[in-house]
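Below is structure_28.cif, which holds mmCIF, C-alpha atoms.
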```
data_my_file
loop_
_atom_site.group_PDB
_atom_site.id
_atom_site.type_symbol
_atom_site.label_atom_id
_atom_site.label_comp_id
_atom_site.auth_asym_id
_atom_site.auth_seq_id
_atom_site.Cartn_x
_atom_site.Cartn_y
_atom_site.Cartn_z
ATOM 1 C CA MET A 4 140.314 175.469 52.375
ATOM 2 C CA THR A 5 138.379 175.897 49.157
ATOM 3 C CA ALA A 6 138.210 173.509 46.265
ATOM 4 C CA ALA A 7 140.421 174.303 43.346
ATOM 5 C CA LEU A 8 138.493 175.339 40.277
ATOM 6 C CA SER A 9 138.357 172.556 37.730
ATOM 7 C CA ASN A 10 140.219 172.685 34.438
ATOM 8 C CA ASP A 11 137.043 173.174 32.436
ATOM 9 C CA SER A 12 136.106 176.715 31.528
ATOM 10 C CA THR A 13 134.300 178.671 34.205
ATOM 11 C CA GLN A 14 132.613 182.023 34.291
ATOM 12 C CA SER A 15 132.437 184.804 36.797
ATOM 13 C CA MET A 16 129.463 184.525 39.107
ATOM 14 C CA ALA A 17 129.396 188.249 39.863
ATOM 15 C CA ASP A 18 125.842 189.450 40.573
ATOM 16 C CA LYS A 19 124.495 185.873 40.569
ATOM 17 C CA VAL A 20 122.387 184.865 43.572
ATOM 18 C CA CYS A 21 122.889 181.287 44.747
ATOM 19 C CA LEU A 22 120.879 179.529 47.453
ATOM 20 C CA ILE A 23 122.565 176.420 48.876
ATOM 21 C CA THR A 24 120.948 174.096 51.398
ATOM 22 C CA GLY A 25 122.985 171.968 53.776
ATOM 23 C CA ALA A 26 125.757 174.522 53.376
ATOM 24 C CA THR A 27 127.465 174.497 56.778
ATOM 25 C CA GLY A 28 129.731 171.517 56.098
ATOM 26 C CA GLY A 29 130.948 168.982 53.547
ATOM 27 C CA ILE A 30 130.326 169.584 49.861
ATOM 28 C CA GLY A 31 127.722 172.275 50.566
ATOM 29 C CA LEU A 32 130.269 174.434 52.354
ATOM 30 C CA ILE A 33 132.952 173.846 49.703
ATOM 31 C CA THR A 34 130.479 174.718 46.955
ATOM 32 C CA ALA A 35 129.529 177.929 48.724
ATOM 33 C CA GLN A 36 133.187 178.889 49.150
ATOM 34 C CA VAL A 37 134.008 178.381 45.479
ATOM 35 C CA LEU A 38 130.932 180.221 44.189
ATOM 36 C CA ALA A 39 131.572 183.076 46.622
ATOM 37 C CA ALA A 40 135.176 183.284 45.417
ATOM 38 C CA GLN A 41 133.786 183.740 41.903
ATOM 39 C CA GLY A 42 131.734 186.723 43.074
ATOM 40 C CA ALA A 43 128.322 185.162 43.677
ATOM 41 C CA LYS A 44 125.950 186.382 46.344
ATOM 42 C CA ILE A 45 125.485 183.344 48.588
ATOM 43 C CA VAL A 46 122.503 182.460 50.753
ATOM 44 C CA LEU A 47 123.184 179.525 53.069
ATOM 45 C CA VAL A 48 120.389 177.396 54.505
ATOM 46 C CA SER A 49 120.836 175.011 57.408
ATOM 47 C CA ARG A 50 119.049 174.083 60.611
ATOM 48 C CA SER A 51 121.477 175.690 63.064
ATOM 49 C CA ALA A 52 121.755 179.487 63.050
ATOM 50 C CA GLN A 53 125.019 179.164 64.972
ATOM 51 C CA LYS A 54 126.537 176.873 62.325
ATOM 52 C CA CYS A 55 125.230 179.134 59.561
ATOM 53 C CA GLU A 56 126.851 182.151 61.163
ATOM 54 C CA ALA A 57 130.182 180.330 61.528
ATOM 55 C CA ALA A 58 130.045 179.065 57.928
ATOM 56 C CA ALA A 59 129.202 182.530 56.601
ATOM 57 C CA ALA A 60 132.173 184.009 58.461
ATOM 58 C CA GLN A 61 134.446 181.265 57.122
ATOM 59 C CA ILE A 62 133.281 181.811 53.532
ATOM 60 C CA LYS A 63 133.709 185.571 53.756
ATOM 61 C CA ALA A 64 137.239 185.153 55.087
ATOM 62 C CA SER A 65 138.294 182.557 52.506
ATOM 63 C CA SER A 66 136.665 184.204 49.484
ATOM 64 C CA GLY A 67 137.011 187.909 50.249
ATOM 65 C CA ASN A 68 133.310 188.188 49.382
ATOM 66 C CA ASN A 69 131.080 189.754 52.038
ATOM 67 C CA GLU A 70 127.859 189.002 50.153
ATOM 68 C CA VAL A 71 127.165 185.891 52.215
ATOM 69 C CA THR A 72 123.974 185.619 54.262
ATOM 70 C CA TYR A 73 121.976 182.784 55.769
ATOM 71 C CA ILE A 74 118.496 181.599 56.655
ATOM 72 C CA ALA A 75 118.143 179.064 59.455
ATOM 73 C CA GLY A 76 115.450 176.425 59.099
ATOM 74 C CA ASP A 77 114.750 172.745 59.688
ATOM 75 C CA LEU A 78 114.151 171.501 56.160
ATOM 76 C CA SER A 79 112.603 168.234 57.343
ATOM 77 C CA LEU A 80 109.553 170.317 58.295
ATOM 78 C CA MET A 81 107.498 171.655 55.393
ATOM 79 C CA ALA A 82 106.273 174.636 57.426
ATOM 80 C CA GLN A 83 109.896 175.676 57.921
ATOM 81 C CA VAL A 84 110.721 175.045 54.255
ATOM 82 C CA ARG A 85 107.981 177.543 53.470
ATOM 83 C CA GLN A 86 109.379 180.031 56.003
ATOM 84 C CA VAL A 87 112.844 179.714 54.459
ATOM 85 C CA ALA A 88 111.405 180.392 51.001
ATOM 86 C CA GLU A 89 109.390 183.363 52.232
ATOM 87 C CA GLN A 90 112.456 184.896 53.884
ATOM 88 C CA PHE A 91 114.542 184.369 50.776
ATOM 89 C CA LEU A 92 111.931 185.918 48.490
ATOM 90 C CA ALA A 93 111.531 188.923 50.786
ATOM 91 C CA ARG A 94 115.279 189.617 50.729
ATOM 92 C CA ASN A 95 116.270 188.733 47.159
ATOM 93 C CA ASP A 96 114.839 189.927 43.867
ATOM 94 C CA ARG A 97 116.455 187.153 41.845
ATOM 95 C CA LEU A 98 117.659 183.551 42.087
ATOM 96 C CA ASP A 99 120.175 182.299 39.552
ATOM 97 C CA VAL A 100 121.196 178.982 41.099
ATOM 98 C CA LEU A 101 119.276 176.775 43.532
ATOM 99 C CA ILE A 102 121.370 173.941 44.959
ATOM 100 C CA ASN A 103 119.323 171.358 46.856
ATOM 101 C CA ASN A 104 122.022 169.637 48.881
ATOM 102 C CA ALA A 105 120.669 169.062 52.404
ATOM 103 C CA GLY A 106 120.183 165.409 53.277
ATOM 104 C CA ALA A 107 120.859 162.690 55.805
ATOM 105 C CA VAL A 108 120.522 158.998 56.575
ATOM 106 C CA PHE A 109 118.859 157.720 59.740
ATOM 107 C CA SER A 110 119.639 154.368 61.311
ATOM 108 C CA SER A 111 116.155 153.977 62.789
ATOM 109 C CA HIS A 112 112.643 154.948 61.730
ATOM 110 C CA GLN A 113 111.983 158.522 62.808
ATOM 111 C CA VAL A 114 108.887 160.612 62.276
ATOM 112 C CA THR A 115 108.896 164.399 61.923
ATOM 113 C CA ALA A 116 106.646 166.669 63.985
ATOM 114 C CA GLU A 117 104.438 166.864 60.885
ATOM 115 C CA GLY A 118 104.019 163.086 60.816
ATOM 116 C CA TYR A 119 106.296 162.026 57.970
ATOM 117 C CA GLU A 120 109.235 159.657 57.859
ATOM 118 C CA MET A 121 112.372 161.745 58.386
ATOM 119 C CA THR A 122 114.465 160.557 55.424
ATOM 120 C CA MET A 123 111.800 161.180 52.786
ATOM 121 C CA ALA A 124 110.806 164.470 54.388
ATOM 122 C CA LEU A 125 114.336 165.875 54.466
ATOM 123 C CA ASN A 126 115.842 164.248 51.388
ATOM 124 C CA HIS A 127 112.914 164.437 48.984
ATOM 125 C CA LEU A 128 109.927 166.523 50.092
ATOM 126 C CA ASN A 129 112.292 169.333 51.054
ATOM 127 C CA TYR A 130 113.786 169.418 47.511
ATOM 128 C CA PHE A 131 110.337 169.208 45.954
ATOM 129 C CA TYR A 132 108.634 171.881 48.042
ATOM 130 C CA LEU A 133 111.475 174.403 48.230
ATOM 131 C CA THR A 134 111.862 174.261 44.458
ATOM 132 C CA GLN A 135 108.137 174.815 43.937
ATOM 133 C CA LEU A 136 108.127 177.815 46.243
ATOM 134 C CA LEU A 137 111.105 179.401 44.487
ATOM 135 C CA GLN A 138 110.187 178.437 40.925
ATOM 136 C CA ASP A 139 108.646 181.772 39.920
ATOM 137 C CA ARG A 140 111.744 183.653 41.071
ATOM 138 C CA LEU A 141 113.950 181.234 39.114
ATOM 139 C CA LEU A 142 111.818 181.718 36.007
ATOM 140 C CA ALA A 143 112.005 185.495 36.370
ATOM 141 C CA SER A 144 115.805 185.234 36.655
ATOM 142 C CA ALA A 145 116.306 182.931 33.651
ATOM 143 C CA PRO A 146 118.691 181.659 32.519
ATOM 144 C CA ALA A 147 118.814 179.936 35.908
ATOM 145 C CA ARG A 148 119.859 176.531 37.203
ATOM 146 C CA ILE A 149 118.530 173.960 39.674
ATOM 147 C CA VAL A 150 121.083 171.451 40.942
ATOM 148 C CA ASN A 151 119.830 168.456 42.925
ATOM 149 C CA VAL A 152 122.434 166.454 44.835
ATOM 150 C CA SER A 153 121.463 162.787 44.663
ATOM 151 C CA SER A 154 123.641 159.676 44.923
ATOM 152 C CA ASP A 155 124.460 156.481 43.063
ATOM 153 C CA ALA A 156 122.749 154.860 46.048
ATOM 154 C CA HIS A 157 119.563 155.553 44.081
ATOM 155 C CA LYS A 158 120.419 152.545 41.915
ATOM 156 C CA GLY A 159 119.592 150.262 44.832
ATOM 157 C CA GLY A 160 116.288 151.979 45.495
ATOM 158 C CA SER A 161 112.691 151.631 44.389
ATOM 159 C CA ILE A 162 109.701 153.872 45.043
ATOM 160 C CA ASN A 163 107.241 151.989 47.218
ATOM 161 C CA PHE A 164 104.094 154.031 46.654
ATOM 162 C CA ASP A 165 102.223 151.759 49.070
ATOM 163 C CA ASP A 166 104.630 152.587 51.899
ATOM 164 C CA LEU A 167 106.402 155.876 51.127
ATOM 165 C CA MET A 168 106.715 156.616 54.820
ATOM 166 C CA SER A 169 108.236 153.170 55.520
ATOM 167 C CA GLU A 170 105.723 152.339 58.237
ATOM 168 C CA LYS A 171 105.532 148.666 57.237
ATOM 169 C CA LYS A 172 109.241 148.079 56.760
ATOM 170 C CA TYR A 173 112.311 150.201 57.532
ATOM 171 C CA SER A 174 115.875 149.759 56.358
ATOM 172 C CA ALA A 175 118.203 152.754 56.712
ATOM 173 C CA PHE A 176 119.979 152.183 53.406
ATOM 174 C CA GLY A 177 116.808 151.084 51.627
ATOM 175 C CA VAL A 178 114.912 154.221 52.604
ATOM 176 C CA TYR A 179 117.926 156.426 51.858
ATOM 177 C CA SER A 180 118.221 154.804 48.410
ATOM 178 C CA MET A 181 114.513 155.403 47.795
ATOM 179 C CA SER A 182 114.892 159.082 48.705
ATOM 180 C CA LYS A 183 117.865 159.464 46.348
ATOM 181 C CA LEU A 184 115.913 157.775 43.538
ATOM 182 C CA ALA A 185 113.129 160.258 44.254
ATOM 183 C CA ASN A 186 115.673 163.080 43.752
ATOM 184 C CA VAL A 187 116.543 161.809 40.275
ATOM 185 C CA MET A 188 112.943 161.167 39.245
ATOM 186 C CA PHE A 189 111.874 164.580 40.536
ATOM 187 C CA THR A 190 114.692 166.185 38.543
ATOM 188 C CA TYR A 191 113.630 164.515 35.307
ATOM 189 C CA GLU A 192 109.974 165.460 35.736
ATOM 190 C CA LEU A 193 110.923 169.007 36.756
ATOM 191 C CA ALA A 194 113.157 169.424 33.700
ATOM 192 C CA ARG A 195 110.311 168.300 31.454
ATOM 193 C CA ARG A 196 107.907 170.777 33.056
ATOM 194 C CA LEU A 197 110.442 173.611 32.730
ATOM 195 C CA GLU A 198 111.347 172.827 29.137
ATOM 196 C CA ASP A 199 112.087 175.969 27.064
ATOM 197 C CA SER A 200 111.737 178.192 30.153
ATOM 198 C CA GLY A 201 115.433 179.011 30.480
ATOM 199 C CA VAL A 202 115.598 177.194 33.818
ATOM 200 C CA THR A 203 117.539 173.932 33.804
ATOM 201 C CA ALA A 204 117.360 171.075 36.308
ATOM 202 C CA ASN A 205 120.032 168.407 36.728
ATOM 203 C CA ALA A 206 120.888 165.806 39.365
ATOM 204 C CA LEU A 207 124.276 164.451 40.362
ATOM 205 C CA HIS A 208 126.252 161.859 42.278
ATOM 206 C CA PRO A 209 129.041 163.588 44.242
ATOM 207 C CA GLY A 210 130.911 160.391 45.031
ATOM 208 C CA PHE A 211 131.377 158.843 48.457
ATOM 209 C CA VAL A 212 132.590 161.862 50.383
ATOM 210 C CA ALA A 213 134.486 162.083 53.671
ATOM 211 C CA SER A 214 132.219 164.281 55.786
ATOM 212 C CA ASN A 215 130.061 164.150 58.909
ATOM 213 C CA PHE A 216 127.323 162.452 56.881
ATOM 214 C CA GLY A 217 125.752 159.611 58.876
ATOM 215 C CA ARG A 218 128.030 160.038 61.877
ATOM 216 C CA SER A 219 125.319 161.398 64.163
ATOM 217 C CA ASN A 220 123.412 158.124 63.902
ATOM 218 C CA GLY A 221 123.667 155.553 66.605
ATOM 219 C CA GLY A 222 123.837 151.808 66.131
ATOM 220 C CA MET A 223 125.672 149.962 63.386
ATOM 221 C CA TRP A 224 125.321 152.741 60.799
ATOM 222 C CA GLY A 225 126.917 155.348 63.045
ATOM 223 C CA ALA A 226 129.753 152.975 63.956
ATOM 224 C CA LEU A 227 130.360 151.864 60.370
ATOM 225 C CA MET A 228 130.395 155.282 58.704
ATOM 226 C CA PRO A 229 133.745 156.513 60.117
ATOM 227 C CA VAL A 230 135.372 153.266 58.931
ATOM 228 C CA LEU A 231 133.853 153.495 55.445
ATOM 229 C CA GLN A 232 134.941 157.100 55.146
ATOM 230 C CA LEU A 233 138.570 156.078 55.378
ATOM 231 C CA PHE A 234 138.071 155.132 51.713
ATOM 232 C CA ALA A 235 136.109 158.252 50.775
ATOM 233 C CA ILE A 236 137.088 161.184 48.590
ATOM 234 C CA SER A 237 137.625 164.665 50.011
ATOM 235 C CA PRO A 238 134.755 167.181 50.213
ATOM 236 C CA GLU A 239 136.716 169.329 47.738
ATOM 237 C CA LYS A 240 136.679 166.494 45.195
ATOM 238 C CA GLY A 241 133.080 165.650 46.001
ATOM 239 C CA ALA A 242 131.942 169.226 45.362
ATOM 240 C CA GLU A 243 133.391 169.391 41.851
ATOM 241 C CA THR A 244 130.296 168.162 40.010
ATOM 242 C CA THR A 245 127.957 170.430 41.966
ATOM 243 C CA ILE A 246 130.192 173.409 41.194
ATOM 244 C CA HIS A 247 130.391 172.392 37.534
ATOM 245 C CA LEU A 248 126.598 172.265 37.215
ATOM 246 C CA ALA A 249 126.195 175.551 39.089
ATOM 247 C CA MET A 250 128.591 177.679 37.056
ATOM 248 C CA SER A 251 130.209 176.051 34.026
ATOM 249 C CA PRO A 252 129.203 177.506 30.638
ATOM 250 C CA GLU A 253 129.641 173.978 29.252
ATOM 251 C CA VAL A 254 126.299 172.962 30.767
ATOM 252 C CA GLN A 255 124.389 176.142 29.980
ATOM 253 C CA GLY A 256 121.048 174.945 28.599
ATOM 254 C CA VAL A 257 121.694 171.285 29.498
ATOM 255 C CA THR A 258 118.767 169.895 31.461
ATOM 256 C CA GLY A 259 117.177 166.663 32.670
ATOM 257 C CA LYS A 260 120.492 164.844 33.092
ATOM 258 C CA TYR A 261 122.256 162.847 35.801
ATOM 259 C CA PHE A 262 125.938 163.719 36.235
ATOM 260 C CA VAL A 263 128.859 161.770 37.682
ATOM 261 C CA LYS A 264 132.392 163.235 37.715
ATOM 262 C CA LYS A 265 131.128 166.248 35.754
ATOM 263 C CA GLN A 266 129.854 164.061 32.894
ATOM 264 C CA PRO A 267 126.319 162.962 31.971
ATOM 265 C CA ALA A 268 125.771 159.371 33.101
ATOM 266 C CA LYS A 269 123.055 156.748 33.069
ATOM 267 C CA SER A 270 120.857 156.629 36.139
ATOM 268 C CA SER A 271 118.910 153.519 37.112
ATOM 269 C CA ALA A 272 116.338 152.017 34.753
ATOM 270 C CA ALA A 273 113.614 152.759 37.315
ATOM 271 C CA SER A 274 114.459 156.466 37.292
ATOM 272 C CA TYR A 275 113.374 156.841 33.637
ATOM 273 C CA ASP A 276 109.806 155.616 34.218
ATOM 274 C CA GLU A 277 107.835 158.720 33.229
ATOM 275 C CA ALA A 278 104.546 157.439 34.631
ATOM 276 C CA ALA A 279 106.233 156.845 38.002
ATOM 277 C CA GLN A 280 107.843 160.299 37.819
ATOM 278 C CA ARG A 281 104.441 161.920 37.344
ATOM 279 C CA ARG A 282 102.928 159.796 40.096
ATOM 280 C CA LEU A 283 105.715 160.738 42.492
ATOM 281 C CA TRP A 284 105.168 164.421 41.653
ATOM 282 C CA ASP A 285 101.428 164.163 42.303
ATOM 283 C CA VAL A 286 101.885 162.239 45.560
ATOM 284 C CA SER A 287 104.540 164.689 46.758
ATOM 285 C CA GLU A 288 102.212 167.593 46.016
ATOM 286 C CA GLN A 289 99.431 165.909 48.010
ATOM 287 C CA LEU A 290 101.747 165.184 50.942
ATOM 288 C CA VAL A 291 102.939 168.782 51.139
ATOM 289 C CA ARG A 292 99.373 170.122 50.932
ATOM 290 C CA GLN A 293 98.279 167.714 53.640
ATOM 291 C CA VAL A 294 101.033 168.910 55.979
ATOM 292 C CA LEU A 295 100.254 172.574 55.499
ATOM 293 C CA LYS A 296 96.508 172.159 55.972
ATOM 294 C CA ALA A 297 96.992 170.422 59.327
#
```
Render the structure in this file as structure tokens.
Amino acid sequence: MTAALSNDSTQSMADKVCLITGATGGIGLITAQVLAAQGAKIVLVSRSAQKCEAAAAQIKASSGNNEVTYIAGDLSLMAQVRQVAEQFLARNDRLDVLINNAGAVFSSHQVTAEGYEMTMALNHLNYFYLTQLLQDRLLASAPARIVNVSSDAHKGGSINFDDLMSEKKYSAFGVYSMSKLANVMFTYELARRLEDSGVTANALHPGFVASNFGRSNGGMWGALMPVLQLFAISPEKGAETTIHLAMSPEVQGVTGKYFVKKQPAKSSAASYDEAAQRRLWDVSEQLVRQVLKA
């Protein structure tokens, strides 16, 4: 089932190319279905090729749009983020909408094969690096849009530059909140750097959505999530703000904002610290370089 289009004015997405990460379930899948139904060419990105193939088939059937392809890649690994970007660039001569949506929460401290804490690698470094790799194509396609799915959980987070990989202390929600704050701060710094380029960058809170998010975790988090999700909104409702930012003419040219329920909203006080935004950008750039030189 696809999400109903919102009451605000929308525009046809015919001939627009949209790349959506984390698109095989939840709000990513709903977003892809709605954009495909509006005529967009959709490129799905997720770790499992099998899930990508099933999602692509589902979207084609529900939308009547056969312009749905996928690239499989583990976005917690920067080498695979680069491979995803290279494959996209080789197959597509434009990119109108980049939706960074992939993310997860992990109940225990996990380290990727490249040596970085899993939450920050998947939830933040993935957004940062994929956007950098695709930035020239976005600029060449302007007007274009970057949509970063964050969370109001960012309001409980702080960027611990002395322990970004949470080696000294790990709390599942604390690290998740830090990664979501990083999404917002990255968005603000990115918007400033892209000012007057025709490429906009906005972040959003989708709401607490009923999905498979967090259910694969063991321990208390994995047990608690199904109970909490009894009070959650549907993926269709949760996807509304992402869809709005991806296609509504109302936000054409709007950039550097945080959206909740399709409206600009205040993010945390910490998120507006421009010095910290620049520092996070520089550190993220160093981390990615370090991975790829190894």
Expected selection from the PyMOL selection byres ((chain A and resi 87-93) around 12), given as number ranges by chain: A: 20-24, 45-50, 72-86, 94-98, 101, 129-130, 132-141
Two-atom distance - atom CA of Thr244 of chain A, atom CA of Thr203 of chain A (Å):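 So the two atoms, atom CA of Thr244 of chain A and atom CA of Thr203 of chain A, lie 15.3 Å apart.
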Atom pair atom CA of Pro238 of chain A / atom CA of Gly42 of chain A: separation (Å): 21.0 Å
Selection dump of the PyMOL selection byres ((chain A and resi 281) around 12), as a PyMOL selection string: chain A and resi 185+188-193+195-196+274-280+282-288
Selection dump of the PyMOL selection byres ((chain A and resi 147) around 7), as a ChimeraX atom specification: /A:99-100,141,144-146,148,201-203
Nearest to Gly118 of chain A, chosen from A:Val71, A:Met16, A:Cys55, A:Met168, with only C-alpha atoms counted in the distances: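 Selected residue with least distance to Gly118 of chain A: A:Met168.
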Atom CA of Thr115 of chain A to atom CA of Lys54 of chain A, straight-line distance in Å: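 So the answer is 21.6 Å.
If you measure from each of A:Thr122, A:Ser51, A:Ser66, A:Thr258 to Ala194 of chain A using only C-alpha atoms, the closest one turns out to be A:Thr258.
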Spatial neighbours of His112 of chain A, max dist 10 Å, only C-alpha atoms, sep filter under 2 positions, as a ChimeraX atom specification: /A:109-110,114,120-122,168-170,172-175,178
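The residue that comes closest to Gly241 of chain A, out of A:Lys183, A:Lys269, A:Lys171, A:His208 and on the basis of all atoms listed in the file, is A:His208.
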Distance criterion (only C-alpha atoms): nearest to Leu295 of chain A out of A:Glu117, A:Glu70, A:Glu243, A:Glu253: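 Nearest candidate to Leu295 of chain A out of A:Glu117, A:Glu70, A:Glu243, A:Glu253: A:Glu117.
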Within 8 Å of Ser182 of chain A using only C-alpha atoms, minus same-chain residues under 5 positions, as an MDAnalysis selection string: chainID A and resid 122:123 126:127 157 160
Option closest in space to Ala124 of chain A, from A:Ser111, A:Ser15, A:Val294, A:Val254 [counting all atoms listed in the file]: A:Val294
Incomplete segment 99-127 of chain A filled out to N, CA and C atoms as a CSV table (one decimal), in the coordinates of the input:
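Ended up saving to selection_9.csv:
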```
chain,number,residue,atom,x,y,z
A,99,ASP,N,119.5,182.8,40.7
A,99,ASP,CA,120.2,182.3,39.6
A,99,ASP,C,120.5,180.8,39.7
A,100,VAL,N,120.8,180.4,40.9
A,100,VAL,CA,121.2,179.0,41.1
A,100,VAL,C,120.6,178.5,42.4
A,101,LEU,N,119.8,177.4,42.3
A,101,LEU,CA,119.3,176.8,43.5
A,101,LEU,C,120.0,175.4,43.6
A,102,ILE,N,120.7,175.2,44.7
A,102,ILE,CA,121.4,173.9,45.0
A,102,ILE,C,120.7,173.2,46.1
A,103,ASN,N,119.9,172.2,45.8
A,103,ASN,CA,119.3,171.4,46.9
A,103,ASN,C,120.3,170.3,47.3
A,104,ASN,N,120.9,170.5,48.4
A,104,ASN,CA,122.0,169.6,48.9
A,104,ASN,C,121.8,169.0,50.2
A,105,ALA,N,120.9,169.6,51.0
A,105,ALA,CA,120.7,169.1,52.4
A,105,ALA,C,120.1,167.6,52.4
A,106,GLY,N,120.7,166.8,53.2
A,106,GLY,CA,120.2,165.4,53.3
A,106,GLY,C,120.9,164.6,54.4
A,107,ALA,N,120.3,163.5,54.7
A,107,ALA,CA,120.9,162.7,55.8
A,107,ALA,C,120.4,161.3,55.7
A,108,VAL,N,121.0,160.4,56.5
A,108,VAL,CA,120.5,159.0,56.6
A,108,VAL,C,120.3,158.7,58.0
A,109,PHE,N,119.2,158.0,58.4
A,109,PHE,CA,118.9,157.7,59.7
A,109,PHE,C,118.8,156.2,60.0
A,110,SER,N,119.5,155.8,61.0
A,110,SER,CA,119.6,154.4,61.3
A,110,SER,C,118.3,153.7,61.8
A,111,SER,N,117.4,154.5,62.3
A,111,SER,CA,116.2,154.0,62.8
A,111,SER,C,115.0,154.8,62.2
A,112,HIS,N,113.8,154.2,62.2
A,112,HIS,CA,112.6,154.9,61.7
A,112,HIS,C,112.3,156.1,62.6
A,113,GLN,N,112.3,157.3,62.1
A,113,GLN,CA,112.0,158.5,62.8
A,113,GLN,C,110.9,159.3,62.1
A,114,VAL,N,110.0,159.9,62.8
A,114,VAL,CA,108.9,160.6,62.3
A,114,VAL,C,109.0,162.1,62.6
A,115,THR,N,108.8,163.0,61.7
A,115,THR,CA,108.9,164.4,61.9
A,115,THR,C,107.7,164.9,62.7
A,116,ALA,N,107.8,166.1,63.2
A,116,ALA,CA,106.6,166.7,64.0
A,116,ALA,C,105.4,166.8,63.1
A,117,GLU,N,105.6,166.8,61.8
A,117,GLU,CA,104.4,166.9,60.9
A,117,GLU,C,103.9,165.5,60.5
A,118,GLY,N,104.5,164.4,61.0
A,118,GLY,CA,104.0,163.1,60.8
A,118,GLY,C,104.6,162.3,59.7
A,119,TYR,N,105.7,162.8,59.1
A,119,TYR,CA,106.3,162.0,58.0
A,119,TYR,C,107.7,161.4,58.3
A,120,GLU,N,108.0,160.3,57.6
A,120,GLU,CA,109.2,159.7,57.9
A,120,GLU,C,110.4,160.6,57.5
A,121,MET,N,111.4,160.7,58.4
A,121,MET,CA,112.4,161.7,58.4
A,121,MET,C,113.2,161.8,57.1
A,122,THR,N,113.6,160.6,56.6
A,122,THR,CA,114.5,160.6,55.4
A,122,THR,C,113.8,161.1,54.2
A,123,MET,N,112.5,160.7,54.0
A,123,MET,CA,111.8,161.2,52.8
A,123,MET,C,111.4,162.6,52.9
A,124,ALA,N,111.1,163.1,54.2
A,124,ALA,CA,110.8,164.5,54.4
A,124,ALA,C,112.0,165.4,54.1
A,125,LEU,N,113.1,165.0,54.6
A,125,LEU,CA,114.3,165.9,54.5
A,125,LEU,C,115.0,165.7,53.1
A,126,ASN,N,115.1,164.5,52.6
A,126,ASN,CA,115.8,164.2,51.4
A,126,ASN,C,115.0,164.5,50.1
A,127,HIS,N,113.7,164.3,50.2
A,127,HIS,CA,112.9,164.4,49.0
A,127,HIS,C,111.9,165.6,49.1
```
